[in-house]
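To be precise, the following lines are data30.pdb, and they hold PDB, C-alpha atoms and all ligand atoms.
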```
ATOM      1  CA  MET A 124     122.575  67.627 114.429
ATOM      2  CA  PRO A 125     124.767  70.754 114.653
ATOM      3  CA  VAL A 126     123.478  73.476 116.988
ATOM      4  CA  PRO A 127     121.720  76.168 114.886
ATOM      5  CA  VAL A 128     123.536  79.510 114.724
ATOM      6  CA  PRO A 129     121.790  82.863 114.223
ATOM      7  CA  CYS A 130     122.691  84.376 110.843
ATOM      8  CA  PRO A 131     125.210  87.228 111.276
ATOM      9  CA  GLY A 132     123.239  89.229 108.668
ATOM     10  CA  PRO A 133     121.584  92.605 109.242
ATOM     11  CA  GLU A 134     118.118  91.069 109.735
ATOM     12  CA  ASN A 135     119.332  89.850 113.143
ATOM     13  CA  ASN A 136     120.749  93.164 114.401
ATOM     14  CA  ALA A 137     117.581  93.928 116.381
ATOM     15  CA  TRP A 138     117.662  90.430 117.885
ATOM     16  CA  ARG A 139     121.330  90.896 118.835
ATOM     17  CA  ARG A 140     120.544  94.217 120.524
ATOM     18  CA  ALA A 141     117.651  92.596 122.373
ATOM     19  CA  GLU A 142     119.905  89.720 123.499
ATOM     20  CA  GLN A 143     122.472  92.227 124.707
ATOM     21  CA  GLY A 144     119.754  94.022 126.683
ATOM     22  CA  ARG A 145     118.749  90.715 128.239
ATOM     23  CA  ALA A 146     122.336  89.955 129.223
ATOM     24  CA  GLU A 147     123.091  93.414 130.590
ATOM     25  CA  ARG A 148     119.796  94.600 132.035
ATOM     26  CA  ASN A 149     117.622  91.490 132.230
ATOM     27  CA  THR A 150     115.144  93.015 129.762
ATOM     28  CA  GLU A 151     113.047  90.249 128.218
ATOM     29  CA  HIS A 152     112.181  90.180 124.529
ATOM     30  CA  GLU A 153     110.164  88.031 122.190
ATOM     31  CA  LEU A 154     112.284  88.282 119.056
ATOM     32  CA  THR A 155     113.434  85.152 117.288
ATOM     33  CA  PRO A 156     116.530  85.211 115.099
ATOM     34  CA  THR A 157     116.823  84.026 111.517
ATOM     35  CA  TRP A 158     118.902  80.859 111.710
ATOM     36  CA  GLY A 159     121.954  80.289 109.609
ATOM     37  CA  HIS A 160     122.155  77.608 106.977
ATOM     38  CA  PRO A 161     124.663  76.703 108.322
ATOM     39  CA  LEU A 162     126.112  80.141 109.232
ATOM     40  CA  HIS A 163     124.584  82.711 106.873
ATOM     41  CA  CYS A 164     120.906  82.208 106.105
ATOM     42  CA  THR A 165     119.969  81.304 102.532
ATOM     43  CA  ARG A 166     118.655  84.815 101.904
ATOM     44  CA  CYS A 167     121.899  86.555 102.947
ATOM     45  CA  ALA A 168     123.969  84.033 101.000
ATOM     46  CA  ALA A 169     121.864  84.533  97.868
ATOM     47  CA  ARG A 170     122.106  88.293  98.228
ATOM     48  CA  ALA A 171     125.905  88.161  98.523
ATOM     49  CA  ARG A 172     126.095  86.037  95.367
ATOM     50  CA  THR A 173     123.863  88.369  93.360
ATOM     51  CA  GLU A 174     125.672  91.490  94.540
ATOM     52  CA  LEU A 175     129.061  89.980  93.767
ATOM     53  CA  ALA A 176     127.928  89.085  90.246
ATOM     54  CA  GLU A 177     126.754  92.659  89.679
ATOM     55  CA  LEU A 178     129.946  94.333  90.908
ATOM     56  CA  PRO A 179     132.072  94.269  87.693
ATOM     57  CA  GLU A 180     129.349  95.985  85.701
ATOM     58  CA  LEU A 181     128.671  98.471  88.496
ATOM     59  CA  LEU A 182     132.372  99.292  88.735
ATOM     60  CA  ALA A 183     132.473  99.952  85.010
ATOM     61  CA  ALA A 184     129.569 102.356  85.481
ATOM     62  CA  VAL A 185     131.379 104.072  88.364
ATOM     63  CA  SER A 186     134.490 104.631  86.233
ATOM     64  CA  LEU A 187     132.396 106.051  83.400
ATOM     65  CA  GLU A 188     131.364 108.780  85.818
ATOM     66  CA  ALA A 189     134.988 109.959  85.777
ATOM     67  CA  THR A 190     135.069 110.609  82.048
ATOM     68  CA  HIS A 191     131.468 111.523  81.312
ATOM     69  CA  ALA A 192     129.783 114.357  83.103
ATOM     70  CA  SER A 193     126.787 113.386  85.153
ATOM     71  CA  PRO A 194     124.487 115.158  87.589
ATOM     72  CA  GLY A 195     127.160 114.308  90.142
ATOM     73  CA  PRO A 196     127.620 111.570  92.667
ATOM     74  CA  ARG A 197     125.154 111.372  95.474
ATOM     75  CA  ALA A 198     125.848 112.665  98.934
ATOM     76  CA  GLY A 199     127.272 110.173 101.354
ATOM     77  CA  THR A 200     129.500 108.439  98.844
ATOM     78  CA  ILE A 201     132.742 107.078 100.193
ATOM     79  CA  GLY A 202     135.683 109.363  99.634
ATOM     80  CA  ARG A 203     133.572 112.419  99.115
ATOM     81  CA  THR A 204     134.012 114.926 101.877
ATOM     82  CA  SER A 205     133.196 118.257 100.239
ATOM     83  CA  THR A 206     130.560 119.272  97.726
ATOM     84  CA  GLU A 207     133.009 119.589  94.808
ATOM     85  CA  PRO A 208     135.783 117.075  94.159
ATOM     86  CA  PRO A 209     139.159 118.857  93.679
ATOM     87  CA  TRP A 210     139.562 117.389  90.183
ATOM     88  CA  PRO A 211     136.994 115.875  87.844
ATOM     89  CA  GLY A 212     136.630 112.166  88.360
ATOM     90  CA  GLN A 213     138.353 112.097  91.719
ATOM     91  CA  ALA A 214     135.323 110.782  93.599
ATOM     92  CA  SER A 215     134.863 108.082  90.991
ATOM     93  CA  ARG A 216     138.562 107.134  91.172
ATOM     94  CA  LEU A 217     138.514 106.969  94.974
ATOM     95  CA  LEU A 218     135.444 104.769  95.056
ATOM     96  CA  THR A 219     136.838 102.491  92.323
ATOM     97  CA  ASP A 220     140.131 102.131  94.221
ATOM     98  CA  HIS A 221     138.238 101.418  97.424
ATOM     99  CA  ILE A 222     136.115  98.644  95.878
ATOM    100  CA  VAL A 223     138.802  97.096  93.655
ATOM    101  CA  GLY A 224     141.271  97.178  96.551
ATOM    102  CA  GLY A 225     138.718  95.462  98.774
ATOM    103  CA  LEU A 226     137.862  92.774  96.224
ATOM    104  CA  LEU A 227     141.516  91.917  95.616
ATOM    105  CA  ALA A 228     142.327  91.930  99.330
ATOM    106  CA  LEU A 229     139.480  89.495  99.960
ATOM    107  CA  GLU A 230     140.650  87.295  97.076
ATOM    108  CA  ASP A 231     144.261  87.304  98.349
ATOM    109  CA  ASP A 232     143.030  86.570 101.839
ATOM    110  CA  ILE A 233     141.044  83.523 100.670
ATOM    111  CA  ARG A 234     143.934  82.285  98.488
ATOM    112  CA  ASP A 235     146.156  82.512 101.527
ATOM    113  CA  LEU A 236     143.672  80.849 103.911
ATOM    114  CA  ARG A 237     142.976  78.015 101.481
ATOM    115  CA  SER A 238     146.668  77.578 100.507
ATOM    116  CA  LEU A 239     145.987  78.378  96.845
ATOM    117  CA  ASN A 240     148.444  79.851  94.356
ATOM    118  CA  PRO A 241     148.797  83.636  94.518
ATOM    119  CA  ARG A 242     146.980  85.802  91.991
ATOM    120  CA  THR A 243     148.779  86.118  88.635
ATOM    121  CA  GLY A 244     148.245  87.819  85.303
ATOM    122  CA  PRO A 245     148.874  91.349  84.066
ATOM    123  CA  TRP A 246     147.012  94.205  85.736
ATOM    124  CA  ARG A 247     144.158  95.464  83.595
ATOM    125  CA  GLU A 248     141.507  96.880  85.846
ATOM    126  CA  GLY A 249     138.377  95.589  84.109
ATOM    127  CA  ALA A 250     139.760  92.109  83.471
ATOM    128  CA  THR A 251     141.288  91.873  86.931
ATOM    129  CA  VAL A 252     137.995  92.810  88.571
ATOM    130  CA  THR A 253     136.051  90.303  86.476
ATOM    131  CA  ALA A 254     138.540  87.554  87.321
ATOM    132  CA  SER A 255     138.412  88.451  91.000
ATOM    133  CA  ALA A 256     134.604  88.411  91.084
ATOM    134  CA  ARG A 257     134.665  84.996  89.374
ATOM    135  CA  PHE A 258     137.200  83.666  91.881
ATOM    136  CA  LEU A 259     135.141  84.960  94.798
ATOM    137  CA  ASP A 260     131.979  83.446  93.337
ATOM    138  CA  THR A 261     133.691  80.041  93.247
ATOM    139  CA  HIS A 262     134.795  80.363  96.867
ATOM    140  CA  LEU A 263     131.775  82.244  98.209
ATOM    141  CA  ALA A 264     130.097  79.319  99.994
ATOM    142  CA  TRP A 265     133.393  78.602 101.765
ATOM    143  CA  ALA A 266     133.944  82.282 102.611
ATOM    144  CA  LEU A 267     130.449  82.690 104.101
ATOM    145  CA  GLU A 268     130.992  79.717 106.378
ATOM    146  CA  HIS A 269     134.711  79.327 107.067
ATOM    147  CA  HIS A 270     136.337  82.741 106.638
ATOM    148  CA  PRO A 271     137.632  83.785 110.092
ATOM    149  CA  LEU A 272     135.269  86.792 110.053
ATOM    150  CA  ALA A 273     132.252  84.985 108.545
ATOM    151  CA  GLY A 274     130.457  84.989 111.881
ATOM    152  CA  GLU A 275     130.976  88.693 112.560
ATOM    153  CA  PRO A 276     127.675  90.622 112.635
ATOM    154  CA  HIS A 277     127.175  92.726 109.517
ATOM    155  CA  ASP A 278     127.707  96.406 109.801
ATOM    156  CA  ARG A 279     129.619  98.958 107.839
ATOM    157  CA  LEU A 280     132.959  98.234 109.453
ATOM    158  CA  SER A 281     132.559  94.458 109.552
ATOM    159  CA  GLY A 282     135.180  92.315 107.842
ATOM    160  CA  ASN A 283     132.557  89.665 107.174
ATOM    161  CA  PRO A 284     132.886  88.843 103.447
ATOM    162  CA  ALA A 285     129.112  89.130 102.880
ATOM    163  CA  ALA A 286     128.988  92.498 104.659
ATOM    164  CA  GLN A 287     131.966  93.759 102.646
ATOM    165  CA  ILE A 288     130.380  92.726  99.346
ATOM    166  CA  HIS A 289     127.139  94.399 100.387
ATOM    167  CA  GLY A 290     128.988  97.601 101.322
ATOM    168  CA  TRP A 291     130.787  97.795  97.947
ATOM    169  CA  HIS A 292     127.606  97.033  96.054
ATOM    170  CA  ARG A 293     125.623  99.617  97.979
ATOM    171  CA  ALA A 294     128.287 102.313  97.557
ATOM    172  CA  ALA A 295     128.486 101.699  93.797
ATOM    173  CA  LEU A 296     124.699 101.701  93.429
ATOM    174  CA  ARG A 297     124.463 104.956  95.307
ATOM    175  CA  PHE A 298     127.286 106.549  93.351
ATOM    176  CA  THR A 299     125.697 105.745  90.009
ATOM    177  CA  GLY A 300     122.319 106.935  91.273
ATOM    178  CA  ARG A 301     120.762 103.509  90.717
ATOM    179  CA  ASP A 302     119.474 102.942  94.193
ATOM    180  CA  THR A 303     115.847 103.823  94.519
ATOM    181  CA  ARG A 304     115.644 105.679  97.755
ATOM    182  CA  VAL A 305     112.067 105.043  98.701
ATOM    183  CA  GLU A 306     111.809 106.471 102.179
ATOM    184  CA  HIS A 307     113.649 109.074 104.179
ATOM    185  CA  HIS A 308     112.737 108.651 107.839
ATOM    186  CA  ARG A 309     112.889 112.165 109.235
ATOM    187  CA  VAL A 310     113.784 111.251 112.749
ATOM    188  CA  PRO A 311     117.279 111.626 114.245
ATOM    189  CA  CYS A 312     119.336 108.433 114.123
ATOM    190  CA  PRO A 313     119.468 106.896 117.623
ATOM    191  CA  ARG A 314     123.226 106.471 117.351
ATOM    192  CA  CYS A 315     124.517 109.651 115.639
ATOM    193  CA  GLU A 316     121.469 111.955 116.018
ATOM    194  CA  LEU A 317     121.599 113.022 112.350
ATOM    195  CA  LEU A 318     118.615 112.960 109.988
ATOM    196  CA  THR A 319     120.223 110.246 107.908
ATOM    197  CA  LEU A 320     117.851 107.283 108.245
ATOM    198  CA  PHE A 321     116.808 105.813 104.903
ATOM    199  CA  ARG A 322     115.055 102.681 103.787
ATOM    200  CA  SER A 323     115.909 101.512 100.286
ATOM    201  CA  ASP A 324     113.761  99.535  97.954
ATOM    202  CA  GLY A 325     113.803  95.871  98.893
ATOM    203  CA  ASP A 326     115.527  96.343 102.244
ATOM    204  CA  ASP A 327     113.763  95.036 105.310
ATOM    205  CA  TYR A 328     115.643  97.431 107.588
ATOM    206  CA  ILE A 329     116.341 101.147 107.847
ATOM    207  CA  GLU A 330     119.930 102.256 107.434
ATOM    208  CA  CYS A 331     121.762 105.331 108.701
ATOM    209  CA  ARG A 332     123.675 106.780 105.764
ATOM    210  CA  ASN A 333     126.101 108.756 107.842
ATOM    211  CA  ILE A 334     129.330 107.002 106.819
ATOM    212  CA  ALA A 335     130.727 107.222 110.339
ATOM    213  CA  CYS A 336     127.609 105.604 111.836
ATOM    214  CA  GLY A 337     125.823 103.049 109.650
ATOM    215  CA  ALA A 338     123.266 102.039 112.292
ATOM    216  CA  LEU A 339     120.619  99.553 111.144
ATOM    217  CA  LEU A 340     117.085  99.581 112.562
ATOM    218  CA  THR A 341     114.087  97.360 112.029
ATOM    219  CA  PRO A 342     110.829  99.088 111.052
ATOM    220  CA  ALA A 343     109.558  98.396 114.600
ATOM    221  CA  GLU A 344     112.610 100.020 116.175
ATOM    222  CA  CYS A 345     112.252 103.008 113.870
ATOM    223  CA  ALA A 346     108.557 103.376 114.752
ATOM    224  CA  GLN A 347     109.486 103.225 118.425
ATOM    225  CA  ARG A 348     112.131 105.882 117.864
ATOM    226  CA  ILE A 349     109.616 108.184 116.152
ATOM    227  CA  LYS A 350     107.220 107.754 119.092
ATOM    228  CA  ALA A 351     109.956 108.503 121.632
ATOM    229  CA  VAL A 352     111.086 111.623 119.771
ATOM    230  CA  ALA A 353     107.471 112.819 119.414
ATOM    231  CA  LEU A 354     106.991 112.343 123.159
ATOM    232  CA  ILE A 355     110.098 114.388 124.012
ATOM    233  CA  TYR A 356     108.917 117.074 121.620
ATOM    234  CA  ALA A 357     105.447 117.169 123.193
ATOM    235  CA  GLU A 358     106.931 117.374 126.683
ATOM    236  CA  ASN A 359     109.219 120.229 125.673
ATOM    237  CA  ALA A 360     106.338 122.054 124.019
ATOM    238  CA  ALA A 361     104.242 121.707 127.176
ATOM    239  CA  ALA A 362     107.012 122.856 129.497
TER
HETATM  240 ZN    ZN B   1     120.741  86.278 107.024
HETATM  241 ZN    ZN B   2     123.430 107.284 112.515
END
```
Just dump the structure as structure tokens.
Ligand SMILES: [Zn+2]
Ligand SMILES: [Zn+2]
Amino acid sequence: MPVPVPCPGPENNAWRRAEQGRAERNTEHELTPTWGHPLHCTRCAARARTELAELPELLAAVSLEATHASPGPRAGTIGRTSTEPPWPGQASRLLTDHIVGGLLALEDDIRDLRSLNPRTGPWREGATVTASARFLDTHLAWALEHHPLAGEPHDRLSGNPAAQIHGWHRAALRFTGRDTRVEHHRVPCPRCELLTLFRSDGDDYIECRNIACGALLTPAECAQRIKAVALIYAENAAA
């Protein structure tokens, strides 16, 4: 029997932090990780497959934003640094380039690692994206287990293929205003101190939407954070 490996997915971030605390400060914890099957757990693998399948259609929706006026992309979108893009459609173009570039880089990477023929065919964005998503779907099980970065814990800067797919999917959802933002946790993020903690529909963790941060918290960690902040506030008020 192979030794079970904790899934590198976001559901284990709290466990990883707790393990780090145990290693560095001897602080005990009672968390148990979600085990991989064999590396990513079945839930993370299924999510990556669904998100990958949805990307071509989402990208088409992102590019429509460039030509058809809309209420405007949401705050926090990649490539958007000021309130007004310098030319119409720029934010949409930047995000499309970011996602398409990422998809093709991952495809090329896998072709290289698996000694497959290089990508061919004329460049037509829609068709190229669809072909790339199909290629990645075929090689997804391999990528989630054998890609050199497949074991890297998921976060915004992770090169883990599943984390990358999730990041592109999330950015496109947000840009097209399709993510249902159910909860804004009005407590400063423990990492960047901004009021940017959100929990989206269907997520079992709370995410910092500051692009430079991207911290992920479990509901328990967030509750603890709220308590700690309330305590500091009460102490300051009493002083
Ligand atoms: Zn997982
Ligand atoms: Zn943060």
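Closest approach to ligand ZN 2 (chain B) among A:Glu177, A:Asp278, A:Glu230, A:Glu330 is made by A:Glu330 (distances from all atoms listed in the file).
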So how far away is CA of Tyr356 in chain A from CA of Cys312 in chain A, in Å?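 Going from CA of Cys312 in chain A over to CA of Tyr356 in chain A covers 15.5 Å.
From CA of Ala256 in chain A back to CA of Gly282 in chain A, the distance works out to 17.2 Å.
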Which residues, named as in the file, does the PyMOL selection byres (((not hetatm)) within 8 of (chain B and resi 2)) pick out? Answer as a PyMOL selection string. chain A and resi 311-320+330-333+335-338
For the file shown, what are the residues hit by the PyMOL selection byres (((not hetatm)) within 10 of (chain B and resi 1)), laid out as a PyMOL selection string? chain A and resi 129-135+156-160+162-170+276-277+285
Residues matched by the PyMOL selection byres (((chain A and resi 343) around 12) and not hetatm), written as a tab-separated table (two decimals) with C-alpha atoms, keeping the file's coordinate frame:
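Saved to part-v9.tsv:
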```tsv
chain	number	residue	atom	x	y	z
A	137	ALA	CA	117.58	93.93	116.38
A	138	TRP	CA	117.66	90.43	117.88
A	154	LEU	CA	112.28	88.28	119.06
A	327	ASP	CA	113.76	95.04	105.31
A	328	TYR	CA	115.64	97.43	107.59
A	329	ILE	CA	116.34	101.15	107.85
A	339	LEU	CA	120.62	99.55	111.14
A	340	LEU	CA	117.08	99.58	112.56
A	341	THR	CA	114.09	97.36	112.03
A	342	PRO	CA	110.83	99.09	111.05
A	344	GLU	CA	112.61	100.02	116.18
A	345	CYS	CA	112.25	103.01	113.87
A	346	ALA	CA	108.56	103.38	114.75
A	347	GLN	CA	109.49	103.22	118.42
A	348	ARG	CA	112.13	105.88	117.86
A	349	ILE	CA	109.62	108.18	116.15
A	350	LYS	CA	107.22	107.75	119.09
```
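Take CA of Phe258 in chain A and CA of Ser186 in chain A: the distance between them is 21.9 Å.
Candidate residues A:Ser238, A:Ser255, A:Asn359, A:Gln287 were compared for distance to Glu174 in chain A, and the nearest is A:Gln287, using only C-alpha atoms.
Minimum atom-to-atom distances from A:Arg322, A:His292, A:Arg309, A:Arg140 to Thr219 in chain A were compared using all atoms listed in the file, and the lowest value belongs to A:His292.
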Residues within 12 Å of (139.1, 94.6, 84.9), counting all atoms listed in the file, listed as a tab-separated table (two decimals) with C-alpha atoms, in the frame of the given file:
```tsv
chain	number	residue	atom	x	y	z
A	178	LEU	CA	129.95	94.33	90.91
A	179	PRO	CA	132.07	94.27	87.69
A	180	GLU	CA	129.35	95.98	85.70
A	181	LEU	CA	128.67	98.47	88.50
A	182	LEU	CA	132.37	99.29	88.74
A	183	ALA	CA	132.47	99.95	85.01
A	186	SER	CA	134.49	104.63	86.23
A	219	THR	CA	136.84	102.49	92.32
A	223	VAL	CA	138.80	97.10	93.66
A	226	LEU	CA	137.86	92.77	96.22
A	227	LEU	CA	141.52	91.92	95.62
A	244	GLY	CA	148.24	87.82	85.30
A	245	PRO	CA	148.87	91.35	84.07
A	246	TRP	CA	147.01	94.20	85.74
A	247	ARG	CA	144.16	95.46	83.60
A	248	GLU	CA	141.51	96.88	85.85
A	249	GLY	CA	138.38	95.59	84.11
A	250	ALA	CA	139.76	92.11	83.47
A	251	THR	CA	141.29	91.87	86.93
A	252	VAL	CA	138.00	92.81	88.57
A	253	THR	CA	136.05	90.30	86.48
A	254	ALA	CA	138.54	87.55	87.32
A	255	SER	CA	138.41	88.45	91.00
A	256	ALA	CA	134.60	88.41	91.08
A	257	ARG	CA	134.66	85.00	89.37
```
Residue among A:Val310, A:Val352, A:Ala171, A:Val128 lying closest to Ile288 in chain A, counting only C-alpha atoms: A:Ala171
Would you fill the gaps in range 294-317 of chain A so it has N, CA and C atoms, then print it as a tab-separated table (two decimals), in the coordinates of the input?
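Written output follows (part21.tsv):
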```tsv
chain	number	residue	atom	x	y	z
A	294	ALA	N	127.59	101.06	97.86
A	294	ALA	CA	128.29	102.31	97.56
A	294	ALA	C	128.27	102.58	96.05
A	295	ALA	N	128.47	101.53	95.26
A	295	ALA	CA	128.49	101.70	93.80
A	295	ALA	C	127.09	102.04	93.28
A	296	LEU	N	126.08	101.39	93.83
A	296	LEU	CA	124.70	101.70	93.43
A	296	LEU	C	124.37	103.15	93.71
A	297	ARG	N	124.77	103.60	94.89
A	297	ARG	CA	124.46	104.96	95.31
A	297	ARG	C	125.20	105.96	94.43
A	298	PHE	N	126.47	105.63	94.14
A	298	PHE	CA	127.29	106.55	93.35
A	298	PHE	C	126.71	106.75	91.96
A	299	THR	N	126.22	105.66	91.37
A	299	THR	CA	125.70	105.74	90.01
A	299	THR	C	124.22	106.14	90.00
A	300	GLY	N	123.70	106.46	91.19
A	300	GLY	CA	122.32	106.94	91.27
A	300	GLY	C	121.30	105.86	90.93
A	301	ARG	N	121.69	104.58	91.09
A	301	ARG	CA	120.76	103.51	90.72
A	301	ARG	C	119.95	102.99	91.89
A	302	ASP	N	120.29	103.44	93.08
A	302	ASP	CA	119.47	102.94	94.19
A	302	ASP	C	118.22	103.77	94.27
A	303	THR	N	117.11	103.10	94.40
A	303	THR	CA	115.85	103.82	94.52
A	303	THR	C	115.61	104.07	95.99
A	304	ARG	N	115.77	105.30	96.35
A	304	ARG	CA	115.64	105.68	97.76
A	304	ARG	C	114.17	105.90	98.02
A	305	VAL	N	113.52	104.92	98.59
A	305	VAL	CA	112.07	105.04	98.70
A	305	VAL	C	111.62	105.88	99.89
A	306	GLU	N	112.31	105.78	100.99
A	306	GLU	CA	111.81	106.47	102.18
A	306	GLU	C	112.93	107.15	102.93
A	307	HIS	N	112.74	108.40	103.28
A	307	HIS	CA	113.65	109.07	104.18
A	307	HIS	C	112.91	109.22	105.50
A	308	HIS	N	113.40	108.55	106.54
A	308	HIS	CA	112.74	108.65	107.84
A	308	HIS	C	113.27	109.88	108.56
A	309	ARG	N	112.42	110.89	108.68
A	309	ARG	CA	112.89	112.16	109.24
A	309	ARG	C	112.84	112.18	110.74
A	310	VAL	N	113.65	111.30	111.30
A	310	VAL	CA	113.78	111.25	112.75
A	310	VAL	C	115.28	111.07	113.01
A	311	PRO	N	115.83	111.75	114.03
A	311	PRO	CA	117.28	111.63	114.24
A	311	PRO	C	117.69	110.18	114.50
A	312	CYS	N	118.79	109.78	113.91
A	312	CYS	CA	119.34	108.43	114.12
A	312	CYS	C	119.63	108.24	115.62
A	313	PRO	N	119.24	107.10	116.19
A	313	PRO	CA	119.47	106.90	117.62
A	313	PRO	C	120.95	106.85	117.99
A	314	ARG	N	121.81	106.56	117.02
A	314	ARG	CA	123.23	106.47	117.35
A	314	ARG	C	123.95	107.79	117.12
A	315	CYS	N	123.74	108.44	115.95
A	315	CYS	CA	124.52	109.65	115.64
A	315	CYS	C	123.69	110.93	115.69
A	316	GLU	N	122.35	110.79	115.87
A	316	GLU	CA	121.47	111.96	116.02
A	316	GLU	C	121.31	112.78	114.74
A	317	LEU	N	121.79	112.27	113.60
A	317	LEU	CA	121.60	113.02	112.35
A	317	LEU	C	120.34	112.53	111.65
```
